[in-house]
Amino acid sequence: MHDKIKADRRRQIPAVNKVLEALDHVDLPRPVIVAVVRRELAALRESDQLVTFEDVFDHVMRALDRHLHSRLQPVVNGTGVILHTNFGRAPLSGAARESLAQIATSYSNLEFDLVSGQRGTRANYLETNLSILCEAEAATVVNNCAAALVLIATHFVANKSEVVISRGELVQIGGGFRIGEILEASGARLREVGATNKTTLADYSRALGKDAAMILRVHRSNFFMEGFVDSPSLRDLAAMSRKKRVPFVVDLGSGLVEPLELLGDEITPAAALRDGADLVCFSGDKLFGGPQAGIIIGRKKLVRALKQHPLFRALRCDKLTLVALQATVDLHLRESTSEIPALALIKIDKDELRGRAANIITRVRGLPAQINVGRGVVKSGGGTSPRAVIPSVTIDIAPEDFSPNEFASRLRAQTPPVVGYIAQGAFKLDLRTIFPEQDDIVVDAIRAACTA
Ligand SMILES: *Cc1c(COP(=O)(O)O)cnc(C)c1O
């Protein structure tokens with residue numbers, strides 16, 4: 001394009017101040033608004049589009065809106081995935097919420113012994129109760145399960161370098177997080193044994209040489225294998241690890257404390273220890289139902305060594321995590337698991353969901369859309385029990401005048417945003433992951449999205 005024309009068009013992009021003056025109230029800090037407007041105008045100047053002031057203004061408003069929407073905020077989860085990593089996994093219990101509020105806004109005895117009046121140990125109560133809950137000699141907590149693996153691997157590979165792991169357990173957990181890569185980043189050399197589908201005790205035995213730092217068993221978490229598959233039992237592997245004097249670590253991932261029939265035969269942390277694991281780690285915010293954390297349980301000597309490792313300080317949890325976890329652990333110990341949402345949601349009766357669905361549908365009658373009660377299947381998600389599908393109840397919505405995709409996007413634009421899913425061309429909201437007290441929000445959001 002001719003340089004002169006280009007320059008003319010650039011001049012048509014309004015000044016930052018002019019756009020700022022024209023903006024209505026936007027619920028963002030002023031410096032952020034100014035920065036976004038600057039950035040967008042600069043980008044428009046770079047492009048060669050001819051634009052009117054209205055175009056520029058709309059463009060900037062959309063950018064501000066996108067930024068505002070990215071603010072961490074509550075979302076109504078109609079996806080039916082109970083532990084959705086994108087939605088912050090486990091919602092916390094009322095007890096956790098209350099203790100969080102108290103500790104967050106006040107001073108606390110985080111590292112202070114109230115009996116002696118001296119400096120105390122952090123998380124003493126939590127660690128004691130966790131070890132009672134998991135029938136472990138000792139327990140501790142770090143930032144998440146990945147951090148637990150890093151700490152454990154780093155500790156064990158200090159002298160010997162090899163982490164012995166089955167080829168069938170080199171799992172990718174979520175977006176870009178691979179067990180093998182995190183072990184290597186911790187300085188471990190992977191000693192892969194067996195085949196993808198079959199690993200025998202003899203495979204492990206052959207691999208346990210003088211460089212073996214630990215045997216790691218990883219829960220497959222988000223997939224399962226069927227057919228010509230085999231791997232040794234925890235008990236057999238533990239017996240061999242003792243014979244060869246190599247520590248045996250189990251990464252359980254989800255950490256279901258109480259077996260749940262709906263989820264099939266998940267092994268519990270206590271059972272893994274009983275079977276002979278030296279250390280077991282799992283996440284705090286999967287089926288344990290607490291905040292993001294990596295829980296480590298097992299032999300006293302090993303847990304103590306991990307806590308003395310220099311990395312422990314870098315991976316430790318803050319007081320908010322500790323107190324939310326403390327409340328969650330106590331709910332487990334009091335057998336009040338009905339108060340832990342992640343577990344309670346799994347158990348809600350379908351009839352209860354049907355009743356709520358019928359009620360919601362009555363309240364949105366007369367809108368320009370086909371709205372019906374549908375069937376759904378819920379997944380526990382977050383890398384837990386991939387095989388378990390729990391029957392559920394959905395609200396199926398087919399707007400008359402626009403596509404399911406457009407409807408989904410309008411619901412996401414509500415405050416709070418409502419997120420569903422599209423299956424077989426129909427938009428669905430699963431009621432199992434929507435709290436009953438959110439039904440009013442759902443009704444309002446459906447109305448607004450249908451008529452906008
Ligand atoms: C989920 C999972 C992890 C990672 O847990 P985070 O708490 O998200 O770090 C590690 N290992 C297994 C087997 C898992 O399922």
# chains A, B, ... in the order shown; residues from 1 in each chain; ligands from 1
$ select_by_dssp --residues "range 37-208 of chain A" --states "helix (DSSP H, G or I)" --output "JSON, numbers by chain"
{"A": [37, 38, 39, 40, 41, 42, 43, 44, 45, 46, 53, 54, 55, 56, 57, 58, 59, 60, 61, 62, 63, 64, 65, 66, 67, 68, 69, 85, 86, 87, 94, 95, 96, 97, 98, 99, 100, 101, 102, 103, 104, 124, 125, 126, 127, 128, 129, 130, 131, 132, 133, 145, 146, 147, 148, 149, 150, 151, 152, 153, 154, 155, 156, 167, 168, 169, 179, 180, 181, 182, 183, 184, 185, 201, 202, 203, 204, 205, 206, 207]}
$ residues_near_ligand --ligand "ligand 1" --cutoff "10 Å" --atoms "only C-alpha atoms and all ligand atoms" --output "NGL selection string"
:A and (85 or 89 or 142-150 or 169-174 or 177-179 or 182 or 217-222 or 250-255 or 281-286 or 291-295 or 381-385)
$ closest_residue --among "A:Thr321, A:Gln12, A:Thr79, A:Thr52" --to "Leu110 in chain A" --atoms "only C-alpha atoms"
A:Thr321
$ residues_around --residues "Arg191 in chain A" --least-positions-apart "3" --cutoff "6 Å" --atoms "only C-alpha atoms" --output "tab-separated table (two decimals) with C-alpha atoms, in the first residue's frame"
chain	number	residue	atom	x	y	z
A	162	GLU	CA	17.30	-44.36	38.74
A	163	VAL	CA	13.55	-44.23	39.21
A	164	VAL	CA	12.19	-47.61	38.21
$ residues_around --residues "Arg167 in chain A" --least-positions-apart "3" --cutoff "6 Å" --atoms "only C-alpha atoms" --output "PyMOL selection string"
chain A and resi 170+192-196
$ residues_around --residues "Leu23 in chain A" --least-positions-apart "3" --cutoff "12 Å" --atoms "only C-alpha atoms" --output "JSON, numbers by chain"
{"A": [16, 17, 18, 19, 20, 26, 27, 28, 30, 33, 34, 37, 54, 56, 57, 58, 59, 60, 61, 62, 64]}
$ residues_around --residues "Gly420 in chain A" --least-positions-apart "5" --cutoff "6 Å" --atoms "only C-alpha atoms" --output "list in words"
Gly78, Thr79, Lys428 and Leu429 of chain A
$ closest_atom_pairs --of "range 53-145 of chain A" --to "range 441-451 of chain A" --cutoff "12 Å" --atoms "only C-alpha atoms" --output "CSV"
residue,atom,partner,partner_atom,distance
A:Pro74,CA,A:Ile441,CA,11.9
A:Val75,CA,A:Ile441,CA,10.6
A:Val76,CA,A:Val442,CA,8.1
A:Asn77,CA,A:Val442,CA,10.3
A:Gly78,CA,A:Val442,CA,9.4
$ select_by_dssp --residues "range 197-418 of chain A" --states "strand (DSSP E or B)" --output "tab-separated table (two decimals) with N, CA and C atoms, in the first residue's frame"
chain	number	residue	atom	x	y	z
A	198	LYS	N	1.91	-54.72	29.65
A	198	LYS	CA	2.27	-55.80	30.57
A	198	LYS	C	3.61	-55.54	31.22
A	212	ALA	N	19.46	-48.11	41.45
A	212	ALA	CA	18.01	-47.93	41.67
A	212	ALA	C	17.76	-47.07	42.91
A	213	ALA	N	17.16	-45.90	42.71
A	213	ALA	CA	16.88	-44.99	43.82
A	213	ALA	C	15.51	-45.26	44.42
A	214	MET	N	14.54	-45.59	43.59
A	214	MET	CA	13.20	-45.90	44.09
A	214	MET	C	12.39	-46.61	43.01
A	215	ILE	N	11.40	-47.35	43.48
A	215	ILE	CA	10.40	-47.91	42.56
A	215	ILE	C	9.18	-47.00	42.66
A	216	LEU	N	8.68	-46.57	41.52
A	216	LEU	CA	7.48	-45.72	41.56
A	216	LEU	C	6.33	-46.41	40.86
A	217	ARG	N	5.22	-46.52	41.57
A	217	ARG	CA	3.99	-47.03	40.98
A	217	ARG	C	3.06	-45.83	40.83
A	218	VAL	N	2.56	-45.61	39.61
A	218	VAL	CA	1.70	-44.45	39.36
A	218	VAL	C	0.30	-44.92	38.98
A	230	ASP	N	-1.38	-56.71	32.33
A	230	ASP	CA	-0.99	-57.28	33.62
A	230	ASP	C	0.06	-56.38	34.27
A	248	PHE	N	9.83	-47.94	47.99
A	248	PHE	CA	8.69	-48.15	47.11
A	248	PHE	C	7.68	-47.02	47.31
A	249	VAL	N	7.48	-46.24	46.26
A	249	VAL	CA	6.62	-45.05	46.35
A	249	VAL	C	5.41	-45.25	45.45
A	250	VAL	N	4.23	-44.91	45.96
A	250	VAL	CA	3.01	-45.01	45.15
A	250	VAL	C	2.39	-43.63	44.98
A	251	ASP	N	2.24	-43.22	43.73
A	251	ASP	CA	1.51	-41.98	43.44
A	251	ASP	C	0.07	-42.38	43.12
A	252	LEU	N	-0.81	-42.10	44.08
A	252	LEU	CA	-2.21	-42.54	43.94
A	252	LEU	C	-3.06	-41.54	43.17
A	253	GLY	N	-2.56	-40.33	43.00
A	253	GLY	CA	-3.33	-39.32	42.28
A	253	GLY	C	-4.49	-38.78	43.09
A	279	LEU	N	6.08	-44.84	50.86
A	279	LEU	CA	5.48	-43.50	50.79
A	279	LEU	C	4.32	-43.55	49.80
A	280	VAL	N	3.28	-42.79	50.10
A	280	VAL	CA	2.16	-42.65	49.17
A	280	VAL	C	1.88	-41.17	49.02
A	281	CYS	N	1.66	-40.70	47.79
A	281	CYS	CA	1.26	-39.30	47.64
A	281	CYS	C	-0.03	-39.21	46.84
A	282	PHE	N	-0.80	-38.18	47.10
A	282	PHE	CA	-2.05	-37.94	46.36
A	282	PHE	C	-2.43	-36.47	46.47
A	283	SER	N	-3.38	-36.07	45.63
A	283	SER	CA	-3.79	-34.66	45.59
A	283	SER	C	-4.79	-34.35	46.69
A	294	GLY	N	-0.55	-31.40	47.95
A	294	GLY	CA	0.01	-32.73	47.71
A	294	GLY	C	0.24	-33.38	49.05
A	295	ILE	N	-0.48	-34.44	49.31
A	295	ILE	CA	-0.40	-35.10	50.61
A	295	ILE	C	0.58	-36.26	50.50
A	296	ILE	N	1.51	-36.31	51.45
A	296	ILE	CA	2.50	-37.40	51.47
A	296	ILE	C	2.35	-38.14	52.79
A	297	ILE	N	2.17	-39.45	52.71
A	297	ILE	CA	2.07	-40.24	53.93
A	297	ILE	C	3.03	-41.41	53.85
A	298	GLY	N	3.37	-41.97	55.01
A	298	GLY	CA	4.23	-43.15	54.99
A	298	GLY	C	5.17	-43.22	56.17
A	369	ALA	N	-37.53	-21.55	22.84
A	369	ALA	CA	-36.58	-22.65	22.82
A	369	ALA	C	-37.28	-23.93	23.26
A	370	GLN	N	-36.78	-25.07	22.76
A	370	GLN	CA	-37.25	-26.37	23.25
A	370	GLN	C	-36.43	-26.70	24.49
A	371	ILE	N	-37.09	-26.85	25.63
A	371	ILE	CA	-36.35	-27.14	26.85
A	371	ILE	C	-36.93	-28.40	27.50
A	372	ASN	N	-36.09	-29.41	27.65
A	372	ASN	CA	-36.56	-30.70	28.17
A	372	ASN	C	-35.62	-31.27	29.22
A	373	VAL	N	-36.15	-32.22	30.00
A	373	VAL	CA	-35.29	-32.97	30.90
A	373	VAL	C	-34.57	-34.03	30.06
A	374	GLY	N	-33.26	-34.15	30.27
A	374	GLY	CA	-32.50	-35.14	29.50
A	374	GLY	C	-31.70	-36.04	30.41
A	375	ARG	N	-30.97	-36.94	29.76
A	375	ARG	CA	-30.13	-37.85	30.52
A	375	ARG	C	-28.67	-37.48	30.35
A	376	GLY	N	-27.91	-37.65	31.38
A	376	GLY	CA	-26.48	-37.35	31.27
A	376	GLY	C	-25.68	-38.41	32.00
A	377	VAL	N	-24.39	-38.43	31.73
A	377	VAL	CA	-23.51	-39.27	32.53
A	377	VAL	C	-22.43	-38.37	33.12
A	378	VAL	N	-22.23	-38.54	34.41
A	378	VAL	CA	-21.28	-37.70	35.12
A	378	VAL	C	-19.97	-38.44	35.24
A	379	LYS	N	-18.88	-37.69	35.14
A	379	LYS	CA	-17.56	-38.28	35.38
A	379	LYS	C	-16.96	-37.61	36.60
A	390	ILE	N	-21.50	-42.09	36.19
A	390	ILE	CA	-22.60	-42.00	37.14
A	390	ILE	C	-23.80	-41.41	36.39
A	391	PRO	N	-24.93	-42.11	36.35
A	391	PRO	CA	-26.07	-41.57	35.61
A	391	PRO	C	-26.54	-40.26	36.21
A	392	SER	N	-26.93	-39.32	35.35
A	392	SER	CA	-27.33	-38.02	35.87
A	392	SER	C	-28.50	-37.44	35.07
A	393	VAL	N	-28.89	-36.25	35.43
A	393	VAL	CA	-30.05	-35.61	34.83
A	393	VAL	C	-29.63	-34.26	34.26
A	394	THR	N	-30.09	-33.97	33.04
A	394	THR	CA	-29.68	-32.71	32.39
A	394	THR	C	-30.91	-31.89	32.02
A	395	ILE	N	-30.67	-30.61	31.79
A	395	ILE	CA	-31.65	-29.75	31.14
A	395	ILE	C	-31.14	-29.58	29.71
A	396	ASP	N	-31.94	-30.00	28.75
A	396	ASP	CA	-31.52	-29.91	27.34
A	396	ASP	C	-32.22	-28.71	26.70
A	397	ILE	N	-31.44	-27.87	26.07
A	397	ILE	CA	-32.00	-26.62	25.54
A	397	ILE	C	-31.66	-26.47	24.06
A	398	ALA	N	-32.70	-26.33	23.24
A	398	ALA	CA	-32.49	-26.07	21.81
A	398	ALA	C	-33.19	-24.77	21.46
A	399	PRO	N	-32.45	-23.65	21.39
A	399	PRO	CA	-33.07	-22.37	21.05
A	399	PRO	C	-33.64	-22.41	19.64
A	418	VAL	N	-22.44	-19.42	33.26
A	418	VAL	CA	-22.96	-20.77	33.37
A	418	VAL	C	-22.36	-21.58	32.22
$ residues_around --residues "Asp278 in chain A" --least-positions-apart "4" --cutoff "10 Å" --atoms "only C-alpha atoms" --output "list in words"
Ala136, Ala238, Ser241, Arg242, Val246, Pro247, Phe248, Val249, Val250, Ala272, Leu273, Arg274, Ile297, Gly298, Arg299, Lys300, Lys301, Leu302 and Val303 of chain A
$ atom_distance --atom1 "CA of Thr415 in chain A" --atom2 "CA of Asp439 in chain A"
13.8 Å
$ decode --residues "range 337-374 of chain A" --atoms "N, CA and C atoms" --output "CSV table (one decimal), in the first residue's frame"
chain,number,residue,atom,x,y,z
A,337,THR,N,-18.6,-37.2,55.6
A,337,THR,CA,-18.3,-37.0,54.2
A,337,THR,C,-19.4,-36.4,53.4
A,338,SER,N,-20.6,-36.5,54.0
A,338,SER,CA,-21.8,-35.9,53.2
A,338,SER,C,-21.6,-34.3,53.2
A,339,GLU,N,-20.7,-33.8,54.0
A,339,GLU,CA,-20.4,-32.4,54.0
A,339,GLU,C,-19.3,-32.0,53.0
A,340,ILE,N,-18.7,-33.0,52.4
A,340,ILE,CA,-17.6,-32.7,51.5
A,340,ILE,C,-18.2,-32.8,50.1
A,341,PRO,N,-18.3,-31.6,49.4
A,341,PRO,CA,-19.1,-31.5,48.2
A,341,PRO,C,-18.6,-32.5,47.1
A,342,ALA,N,-17.3,-32.7,46.9
A,342,ALA,CA,-16.9,-33.6,45.9
A,342,ALA,C,-17.5,-35.0,46.0
A,343,LEU,N,-17.6,-35.4,47.3
A,343,LEU,CA,-18.1,-36.8,47.5
A,343,LEU,C,-19.7,-36.7,47.5
A,344,ALA,N,-20.2,-35.7,48.1
A,344,ALA,CA,-21.7,-35.6,48.2
A,344,ALA,C,-22.3,-35.5,46.8
A,345,LEU,N,-21.7,-34.8,45.9
A,345,LEU,CA,-22.3,-34.6,44.6
A,345,LEU,C,-22.4,-36.0,43.9
A,346,ILE,N,-21.4,-36.8,44.1
A,346,ILE,CA,-21.4,-38.1,43.4
A,346,ILE,C,-22.6,-39.0,43.9
A,347,LYS,N,-23.0,-38.7,45.1
A,347,LYS,CA,-24.0,-39.6,45.7
A,347,LYS,C,-25.5,-39.1,45.6
A,348,ILE,N,-25.7,-37.9,45.1
A,348,ILE,CA,-27.0,-37.4,45.0
A,348,ILE,C,-27.9,-38.3,44.2
A,349,ASP,N,-29.1,-38.5,44.7
A,349,ASP,CA,-30.1,-39.4,44.1
A,349,ASP,C,-30.6,-38.8,42.8
A,350,LYS,N,-30.8,-39.6,41.8
A,350,LYS,CA,-31.3,-39.1,40.5
A,350,LYS,C,-32.7,-38.5,40.6
A,351,ASP,N,-33.5,-39.1,41.5
A,351,ASP,CA,-34.9,-38.6,41.7
A,351,ASP,C,-34.8,-37.1,42.1
A,352,GLU,N,-33.9,-36.8,43.0
A,352,GLU,CA,-33.8,-35.5,43.5
A,352,GLU,C,-33.4,-34.5,42.3
A,353,LEU,N,-32.5,-35.0,41.5
A,353,LEU,CA,-32.1,-34.2,40.3
A,353,LEU,C,-33.3,-34.0,39.4
A,354,ARG,N,-34.1,-35.1,39.2
A,354,ARG,CA,-35.3,-35.0,38.3
A,354,ARG,C,-36.2,-34.0,38.8
A,355,GLY,N,-36.4,-33.9,40.1
A,355,GLY,CA,-37.4,-33.0,40.7
A,355,GLY,C,-36.9,-31.5,40.5
A,356,ARG,N,-35.6,-31.3,40.6
A,356,ARG,CA,-35.1,-29.9,40.4
A,356,ARG,C,-35.2,-29.6,38.9
A,357,ALA,N,-35.0,-30.6,38.0
A,357,ALA,CA,-35.1,-30.3,36.6
A,357,ALA,C,-36.5,-29.9,36.2
A,358,ALA,N,-37.4,-30.7,36.7
A,358,ALA,CA,-38.9,-30.4,36.4
A,358,ALA,C,-39.2,-29.0,36.9
A,359,ASN,N,-38.7,-28.6,38.1
A,359,ASN,CA,-39.0,-27.3,38.6
A,359,ASN,C,-38.4,-26.2,37.7
A,360,ILE,N,-37.1,-26.4,37.3
A,360,ILE,CA,-36.5,-25.4,36.5
A,360,ILE,C,-37.2,-25.2,35.2
A,361,ILE,N,-37.6,-26.4,34.6
A,361,ILE,CA,-38.3,-26.3,33.3
A,361,ILE,C,-39.6,-25.6,33.4
A,362,THR,N,-40.4,-25.8,34.5
A,362,THR,CA,-41.6,-25.0,34.7
A,362,THR,C,-41.3,-23.5,34.7
A,363,ARG,N,-40.2,-23.2,35.3
A,363,ARG,CA,-40.0,-21.8,35.5
A,363,ARG,C,-39.5,-21.1,34.2
A,364,VAL,N,-39.0,-21.8,33.2
A,364,VAL,CA,-38.5,-21.2,32.0
A,364,VAL,C,-39.5,-21.4,30.8
A,365,ARG,N,-40.7,-21.8,31.1
A,365,ARG,CA,-41.7,-22.0,30.1
A,365,ARG,C,-42.0,-20.8,29.3
A,366,GLY,N,-42.3,-20.9,28.0
A,366,GLY,CA,-42.7,-19.8,27.2
A,366,GLY,C,-41.6,-19.1,26.5
A,367,LEU,N,-40.4,-19.6,26.7
A,367,LEU,CA,-39.2,-19.0,26.0
A,367,LEU,C,-39.1,-19.6,24.6
A,368,PRO,N,-38.5,-18.8,23.6
A,368,PRO,CA,-38.4,-19.3,22.3
A,368,PRO,C,-37.3,-20.4,22.2
A,369,ALA,N,-37.5,-21.5,22.8
A,369,ALA,CA,-36.6,-22.7,22.8
A,369,ALA,C,-37.3,-23.9,23.3
A,370,GLN,N,-36.8,-25.1,22.8
A,370,GLN,CA,-37.3,-26.4,23.2
A,370,GLN,C,-36.4,-26.7,24.5
A,371,ILE,N,-37.1,-26.9,25.6
A,371,ILE,CA,-36.4,-27.1,26.9
A,371,ILE,C,-36.9,-28.4,27.5
A,372,ASN,N,-36.1,-29.4,27.7
A,372,ASN,CA,-36.6,-30.7,28.2
A,372,ASN,C,-35.6,-31.3,29.2
A,373,VAL,N,-36.2,-32.2,30.0
A,373,VAL,CA,-35.3,-33.0,30.9
A,373,VAL,C,-34.6,-34.0,30.1
A,374,GLY,N,-33.3,-34.2,30.3
A,374,GLY,CA,-32.5,-35.1,29.5
A,374,GLY,C,-31.7,-36.0,30.4
